[in-house]
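S.K.: Sharing model16.tsv, TSV, N, CA and C atoms:
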```tsv
chain	number	residue	atom	x	y	z
A	1	GLY	N	102.37	77.31	280.02
A	1	GLY	CA	103.45	78.17	280.40
A	1	GLY	C	103.09	79.00	281.63
A	2	LEU	N	103.95	79.96	281.92
A	2	LEU	CA	103.70	80.85	283.05
A	2	LEU	C	102.57	81.82	282.72
A	3	ALA	N	101.76	82.10	283.69
A	3	ALA	CA	100.70	83.10	283.56
A	3	ALA	C	100.53	83.76	284.92
A	4	ARG	N	100.05	85.00	284.91
A	4	ARG	CA	99.93	85.75	286.16
A	4	ARG	C	99.12	85.00	287.21
A	5	ASN	N	98.09	84.26	286.80
A	5	ASN	CA	97.27	83.53	287.78
A	5	ASN	C	97.97	82.27	288.28
A	6	ASN	N	99.16	81.97	287.76
A	6	ASN	CA	99.94	80.83	288.22
A	6	ASN	C	101.08	81.24	289.14
A	7	ILE	N	101.07	82.49	289.60
A	7	ILE	CA	102.12	83.02	290.45
A	7	ILE	C	101.50	83.42	291.79
A	8	THR	N	102.12	82.99	292.88
A	8	THR	CA	101.69	83.44	294.20
A	8	THR	C	102.92	83.86	295.00
A	9	ILE	N	102.69	84.77	295.94
A	9	ILE	CA	103.74	85.19	296.86
A	9	ILE	C	103.24	84.97	298.27
A	10	THR	N	103.96	84.14	299.01
A	10	THR	CA	103.63	83.82	300.40
A	10	THR	C	104.90	83.89	301.22
A	11	ASN	N	104.84	84.60	302.33
A	11	ASN	CA	106.02	84.73	303.21
A	11	ASN	C	107.26	85.18	302.43
A	12	ASN	N	107.07	86.15	301.54
A	12	ASN	CA	108.15	86.73	300.73
A	12	ASN	C	108.82	85.74	299.78
A	13	ARG	N	108.13	84.66	299.44
A	13	ARG	CA	108.64	83.68	298.49
A	13	ARG	C	107.68	83.59	297.30
A	14	VAL	N	108.25	83.52	296.11
A	14	VAL	CA	107.45	83.42	294.89
A	14	VAL	C	107.29	81.94	294.52
A	15	THR	N	106.04	81.54	294.28
A	15	THR	CA	105.75	80.20	293.79
A	15	THR	C	105.29	80.31	292.34
A	16	LEU	N	105.96	79.58	291.46
A	16	LEU	CA	105.62	79.55	290.04
A	16	LEU	C	104.96	78.21	289.72
A	17	ARG	N	103.91	78.25	288.91
A	17	ARG	CA	103.26	77.03	288.45
A	17	ARG	C	103.12	77.10	286.93
A	18	TRP	N	103.26	75.95	286.28
A	18	TRP	CA	103.16	75.91	284.83
A	18	TRP	C	102.59	74.56	284.40
A	19	ASN	N	102.24	74.49	283.12
A	19	ASN	CA	101.76	73.23	282.54
A	19	ASN	C	102.95	72.34	282.21
A	20	GLN	N	102.81	71.07	282.49
A	20	GLN	CA	103.88	70.12	282.19
A	20	GLN	C	104.10	70.03	280.68
A	21	SER	N	105.35	69.84	280.30
A	21	SER	CA	105.68	69.66	278.89
A	21	SER	C	105.16	68.31	278.40
A	22	THR	N	104.66	68.30	277.18
A	22	THR	CA	104.25	67.04	276.55
A	22	THR	C	105.20	66.65	275.43
A	23	ASP	N	106.25	67.44	275.25
A	23	ASP	CA	107.23	67.17	274.18
A	23	ASP	C	107.99	65.88	274.49
A	24	PRO	N	108.00	64.91	273.57
A	24	PRO	CA	108.69	63.64	273.82
A	24	PRO	C	110.21	63.79	273.94
A	25	GLU	N	110.75	64.93	273.49
A	25	GLU	CA	112.20	65.16	273.57
A	25	GLU	C	112.56	66.08	274.73
A	26	PHE	N	111.69	66.16	275.73
A	26	PHE	CA	111.91	66.99	276.91
A	26	PHE	C	113.26	66.68	277.55
A	27	ILE	N	113.99	67.74	277.91
A	27	ILE	CA	115.24	67.60	278.65
A	27	ILE	C	115.10	68.19	280.05
A	28	CYS	N	114.64	69.46	280.13
A	28	CYS	CA	114.52	70.09	281.44
A	28	CYS	C	113.74	71.39	281.34
A	29	TYR	N	113.34	71.88	282.52
A	29	TYR	CA	112.82	73.23	282.68
A	29	TYR	C	113.96	74.04	283.29
A	30	LYS	N	114.12	75.28	282.84
A	30	LYS	CA	115.09	76.20	283.45
A	30	LYS	C	114.33	77.43	283.92
A	31	ILE	N	114.54	77.78	285.18
A	31	ILE	CA	113.86	78.93	285.77
A	31	ILE	C	114.91	80.01	286.04
A	32	TYR	N	114.61	81.21	285.53
A	32	TYR	CA	115.50	82.35	285.70
A	32	TYR	C	114.76	83.46	286.44
A	33	ARG	N	115.55	84.31	287.12
A	33	ARG	CA	114.99	85.48	287.80
A	33	ARG	C	115.90	86.66	287.53
A	34	GLY	N	115.29	87.84	287.35
A	34	GLY	CA	116.08	89.03	287.11
A	34	GLY	C	115.38	90.28	287.62
A	35	TYR	N	116.10	91.39	287.55
A	35	TYR	CA	115.56	92.69	287.95
A	35	TYR	C	115.29	93.57	286.74
A	36	SER	N	115.54	93.04	285.55
A	36	SER	CA	115.20	93.73	284.31
A	36	SER	C	114.76	92.66	283.30
A	37	SER	N	114.14	93.10	282.24
A	37	SER	CA	113.64	92.14	281.24
A	37	SER	C	114.74	91.62	280.33
A	38	THR	N	115.96	92.10	280.52
A	38	THR	CA	117.06	91.67	279.66
A	38	THR	C	118.20	90.99	280.41
A	39	SER	N	118.11	90.92	281.72
A	39	SER	CA	119.20	90.34	282.51
A	39	SER	C	118.62	89.36	283.53
A	40	PHE	N	118.94	88.08	283.35
A	40	PHE	CA	118.41	87.03	284.21
A	40	PHE	C	119.53	86.17	284.78
A	41	SER	N	119.28	85.58	285.94
A	41	SER	CA	120.19	84.59	286.53
A	41	SER	C	119.44	83.28	286.66
A	42	LEU	N	120.12	82.19	286.35
A	42	LEU	CA	119.51	80.87	286.47
A	42	LEU	C	119.27	80.57	287.94
A	43	ARG	N	118.04	80.23	288.29
A	43	ARG	CA	117.69	79.89	289.67
A	43	ARG	C	117.60	78.38	289.88
A	44	MET	N	117.12	77.65	288.87
A	44	MET	CA	116.91	76.22	289.05
A	44	MET	C	116.81	75.53	287.69
A	45	THR	N	117.36	74.32	287.63
A	45	THR	CA	117.15	73.43	286.49
A	45	THR	C	116.42	72.20	287.01
A	46	ILE	N	115.30	71.88	286.38
A	46	ILE	CA	114.45	70.77	286.82
A	46	ILE	C	114.37	69.76	285.69
A	47	THR	N	114.81	68.53	285.96
A	47	THR	CA	114.83	67.51	284.91
A	47	THR	C	113.64	66.56	284.95
A	48	ASN	N	112.81	66.67	285.97
A	48	ASN	CA	111.62	65.83	286.07
A	48	ASN	C	110.47	66.50	285.31
A	49	ARG	N	110.06	65.90	284.20
A	49	ARG	CA	109.00	66.47	283.36
A	49	ARG	C	107.70	66.69	284.14
A	50	GLU	N	107.42	65.85	285.13
A	50	GLU	CA	106.15	65.92	285.87
A	50	GLU	C	106.12	67.07	286.89
A	51	THR	N	107.26	67.69	287.15
A	51	THR	CA	107.29	68.84	288.05
A	51	THR	C	106.61	70.02	287.37
A	52	SER	N	105.73	70.68	288.10
A	52	SER	CA	105.05	71.84	287.51
A	52	SER	C	104.90	72.97	288.51
A	53	VAL	N	105.74	72.95	289.56
A	53	VAL	CA	105.71	74.02	290.56
A	53	VAL	C	107.12	74.21	291.11
A	54	HIS	N	107.46	75.46	291.40
A	54	HIS	CA	108.76	75.78	291.98
A	54	HIS	C	108.59	76.96	292.93
A	55	VAL	N	109.14	76.82	294.14
A	55	VAL	CA	109.17	77.92	295.11
A	55	VAL	C	110.58	78.47	295.11
A	56	ASP	N	110.72	79.75	294.74
A	56	ASP	CA	112.04	80.38	294.70
A	56	ASP	C	112.55	80.56	296.12
A	57	SER	N	113.76	80.14	296.38
A	57	SER	CA	114.32	80.23	297.73
A	57	SER	C	114.79	81.64	298.08
A	58	LEU	N	114.91	82.52	297.08
A	58	LEU	CA	115.27	83.91	297.36
A	58	LEU	C	114.02	84.70	297.72
A	59	SER	N	114.12	85.53	298.75
A	59	SER	CA	113.00	86.37	299.15
A	59	SER	C	112.76	87.47	298.14
A	60	VAL	N	111.53	87.98	298.13
A	60	VAL	CA	111.21	89.19	297.38
A	60	VAL	C	110.98	90.32	298.38
A	61	TYR	N	111.18	91.54	297.92
A	61	TYR	CA	111.08	92.70	298.80
A	61	TYR	C	110.01	93.66	298.30
A	62	PRO	N	109.44	94.47	299.21
A	62	PRO	CA	108.38	95.40	298.82
A	62	PRO	C	108.84	96.39	297.75
A	63	SER	N	107.88	96.83	296.96
A	63	SER	CA	108.07	97.87	295.94
A	63	SER	C	109.21	97.54	294.97
A	64	THR	N	109.30	96.30	294.59
A	64	THR	CA	110.37	95.86	293.69
A	64	THR	C	109.75	95.08	292.52
A	65	THR	N	110.33	95.27	291.33
A	65	THR	CA	109.88	94.54	290.15
A	65	THR	C	110.84	93.38	289.90
A	66	TYR	N	110.27	92.21	289.69
A	66	TYR	CA	111.03	91.00	289.40
A	66	TYR	C	110.56	90.43	288.07
A	67	PHE	N	111.48	89.82	287.37
A	67	PHE	CA	111.16	89.16	286.11
A	67	PHE	C	111.53	87.69	286.25
A	68	TYR	N	110.60	86.82	285.91
A	68	TYR	CA	110.86	85.38	285.92
A	68	TYR	C	110.71	84.86	284.50
A	69	LYS	N	111.58	83.91	284.15
A	69	LYS	CA	111.52	83.28	282.84
A	69	LYS	C	111.56	81.77	283.04
A	70	LEU	N	110.66	81.08	282.36
A	70	LEU	CA	110.63	79.62	282.35
A	70	LEU	C	110.94	79.15	280.94
A	71	ILE	N	112.00	78.38	280.80
A	71	ILE	CA	112.37	77.82	279.50
A	71	ILE	C	112.19	76.31	279.57
A	72	THR	N	111.54	75.75	278.57
A	72	THR	CA	111.44	74.31	278.44
A	72	THR	C	112.43	73.89	277.38
A	73	ALA	N	113.46	73.16	277.79
A	73	ALA	CA	114.50	72.72	276.85
A	73	ALA	C	114.16	71.33	276.33
A	74	VAL	N	114.34	71.16	275.04
A	74	VAL	CA	114.10	69.86	274.39
A	74	VAL	C	115.33	69.52	273.54
A	75	ALA	N	115.40	68.29	273.07
A	75	ALA	CA	116.57	67.81	272.35
A	75	ALA	C	116.90	68.65	271.11
A	76	GLN	N	115.90	69.18	270.45
A	76	GLN	CA	116.12	69.95	269.22
A	76	GLN	C	116.22	71.46	269.47
A	77	GLY	N	116.36	71.89	270.73
A	77	GLY	CA	116.44	73.31	271.04
A	77	GLY	C	115.36	73.69	272.03
A	78	THR	N	115.17	74.98	272.26
A	78	THR	CA	114.17	75.46	273.20
A	78	THR	C	112.79	75.39	272.58
A	79	SER	N	111.86	74.71	273.26
A	79	SER	CA	110.51	74.61	272.70
A	79	SER	C	109.63	75.77	273.14
A	80	SER	N	109.93	76.35	274.30
A	80	SER	CA	109.14	77.50	274.73
A	80	SER	C	109.92	78.31	275.76
A	81	ALA	N	109.61	79.59	275.80
A	81	ALA	CA	110.20	80.49	276.80
A	81	ALA	C	109.12	81.47	277.19
A	82	ASP	N	108.71	81.45	278.45
A	82	ASP	CA	107.69	82.35	278.96
A	82	ASP	C	108.32	83.27	279.99
A	83	THR	N	108.00	84.56	279.91
A	83	THR	CA	108.51	85.54	280.87
A	83	THR	C	107.32	86.23	281.52
A	84	ILE	N	107.43	86.48	282.82
A	84	ILE	CA	106.39	87.19	283.55
A	84	ILE	C	107.04	88.22	284.46
A	85	THR	N	106.36	89.36	284.61
A	85	THR	CA	106.83	90.44	285.47
A	85	THR	C	105.99	90.46	286.74
A	86	ILE	N	106.67	90.58	287.88
A	86	ILE	CA	105.99	90.66	289.17
A	86	ILE	C	106.39	91.96	289.85
A	87	LYS	N	105.45	92.75	290.27
A	87	LYS	CA	105.71	93.98	291.02
A	87	LYS	C	105.13	93.79	292.41
A	88	THR	N	106.01	93.79	293.42
A	88	THR	CA	105.55	93.61	294.79
A	88	THR	C	105.00	94.92	295.34
A	89	LEU	N	104.10	94.81	296.29
A	89	LEU	CA	103.45	95.98	296.87
A	89	LEU	C	104.34	96.62	297.93
A	90	PRO	N	104.11	97.90	298.21
A	90	PRO	CA	104.90	98.58	299.27
A	90	PRO	C	104.69	97.95	300.62
```
Is it possible to give me this structure as structure tokens?
M.R.:
Amino acid sequence: GLARNNITITNNRVTLRWNQSTDPEFICYKIYRGYSSTSFSLRMTITNRETSVHVDSLSVYPSTTYFYKLITAVAQGTSSADTITIKTLP
């Protein structure tokens, strides 16, 4: 799943990295971004199980807190949901 050491910020863009799903009923990864831990917007749906990196096309700004959520969807429901908080520097 998502972990702080799997997040980088380069040129005001956030790159997320995660472990590939091994669930045989994998459907997709869904990546969300928000400004609070309770309100997220869907940024990307990825249907290729082998994908394990995503660069968010929205810029991040100094002194701002962002919340990212990665959901792995499978045929029988959500198999995992990881959330990470990112605080950018001034």
S.K.: In Å, how far is it from CA of Thr47 (chain A) to CA of Cys28 (chain A)?
M.R.: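 If I compute the distance from CA of Thr47 (chain A) to CA of Cys28 (chain A), I get 4.3 Å.
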S.K.: Would you be able to write out as a compact mmCIF listing (two decimals) with N, CA and C atoms, keeping the file's coordinate frame which residues have an atom within 7 Å of (110.5, 96.6, 294.2) in the file's coordinates, counting only N, CA and C atoms?
M.R.:
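Output saved as part_22.txt:
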```
# COMPACT_ATOMS: atom_id res chain seq x y z
N TYR A 61 111.18 91.54 297.92
CA TYR A 61 111.08 92.70 298.80
C TYR A 61 110.01 93.66 298.30
N PRO A 62 109.44 94.47 299.21
CA PRO A 62 108.38 95.40 298.82
C PRO A 62 108.84 96.39 297.75
N SER A 63 107.88 96.83 296.96
CA SER A 63 108.07 97.87 295.94
C SER A 63 109.21 97.54 294.97
N THR A 64 109.30 96.30 294.59
CA THR A 64 110.37 95.86 293.69
C THR A 64 109.75 95.08 292.52
N THR A 65 110.33 95.27 291.33
CA THR A 65 109.88 94.54 290.15
C THR A 65 110.84 93.38 289.90
N TYR A 66 110.27 92.21 289.69
CA TYR A 66 111.03 91.00 289.40
C TYR A 66 110.56 90.43 288.07
N LYS A 87 105.45 92.75 290.27
CA LYS A 87 105.71 93.98 291.02
C LYS A 87 105.13 93.79 292.41
N THR A 88 106.01 93.79 293.42
CA THR A 88 105.55 93.61 294.79
C THR A 88 105.00 94.92 295.34
N LEU A 89 104.10 94.81 296.29
CA LEU A 89 103.45 95.98 296.87
C LEU A 89 104.34 96.62 297.93
```
S.K.: Between CA of Val14 (chain A) and CA of Leu58 (chain A), what is the distance in Å, rounded to a tenth?
M.R.: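 Atom-to-atom, CA of Val14 (chain A) to CA of Leu58 (chain A), that is 8.2 Å.
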S.K.: One decimal, Å: what's the distance from atom C of Asn12 (chain A) over to atom N of Lys69 (chain A), could you say?
M.R.: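 It comes out at 16.0 Å.
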S.K.: For Ile27 (chain A), which residue among A:Val60, A:Ile86, A:Ile46, A:Leu70 is the nearest when counting all atoms listed in the file?
M.R.: A:Ile46
S.K.: Can you pull out the residues contacting Arg33 (chain A)? Cut-off 6.5 Å, using only N, CA and C atoms, and skip same-chain residues under 6 positions away; I want them as a VMD selection string.
M.R.: chain A and resid 39 to 43 67 to 69
S.K.: Compare A:Gln20, A:Ser80, A:Asn11, A:Asn6 by their minimum atom-to-atom distance to Glu50 (chain A), counting only N, CA and C atoms, and give me the closest one.
M.R.: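 Under the stated criterion, the closest residue is A:Gln20.
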S.K.: Please, what is the axis-aligned box for every listed atom of region 75-81 of chain A with 3 Å on each side, as centre and edge lengths in Å to one decimal, as lines of an AutoDock Vina configuration file?
M.R.:
```
center_x = 113.0
center_y = 74.6
center_z = 273.2
size_x = 13.8
size_y = 19.7
size_z = 14.0
```
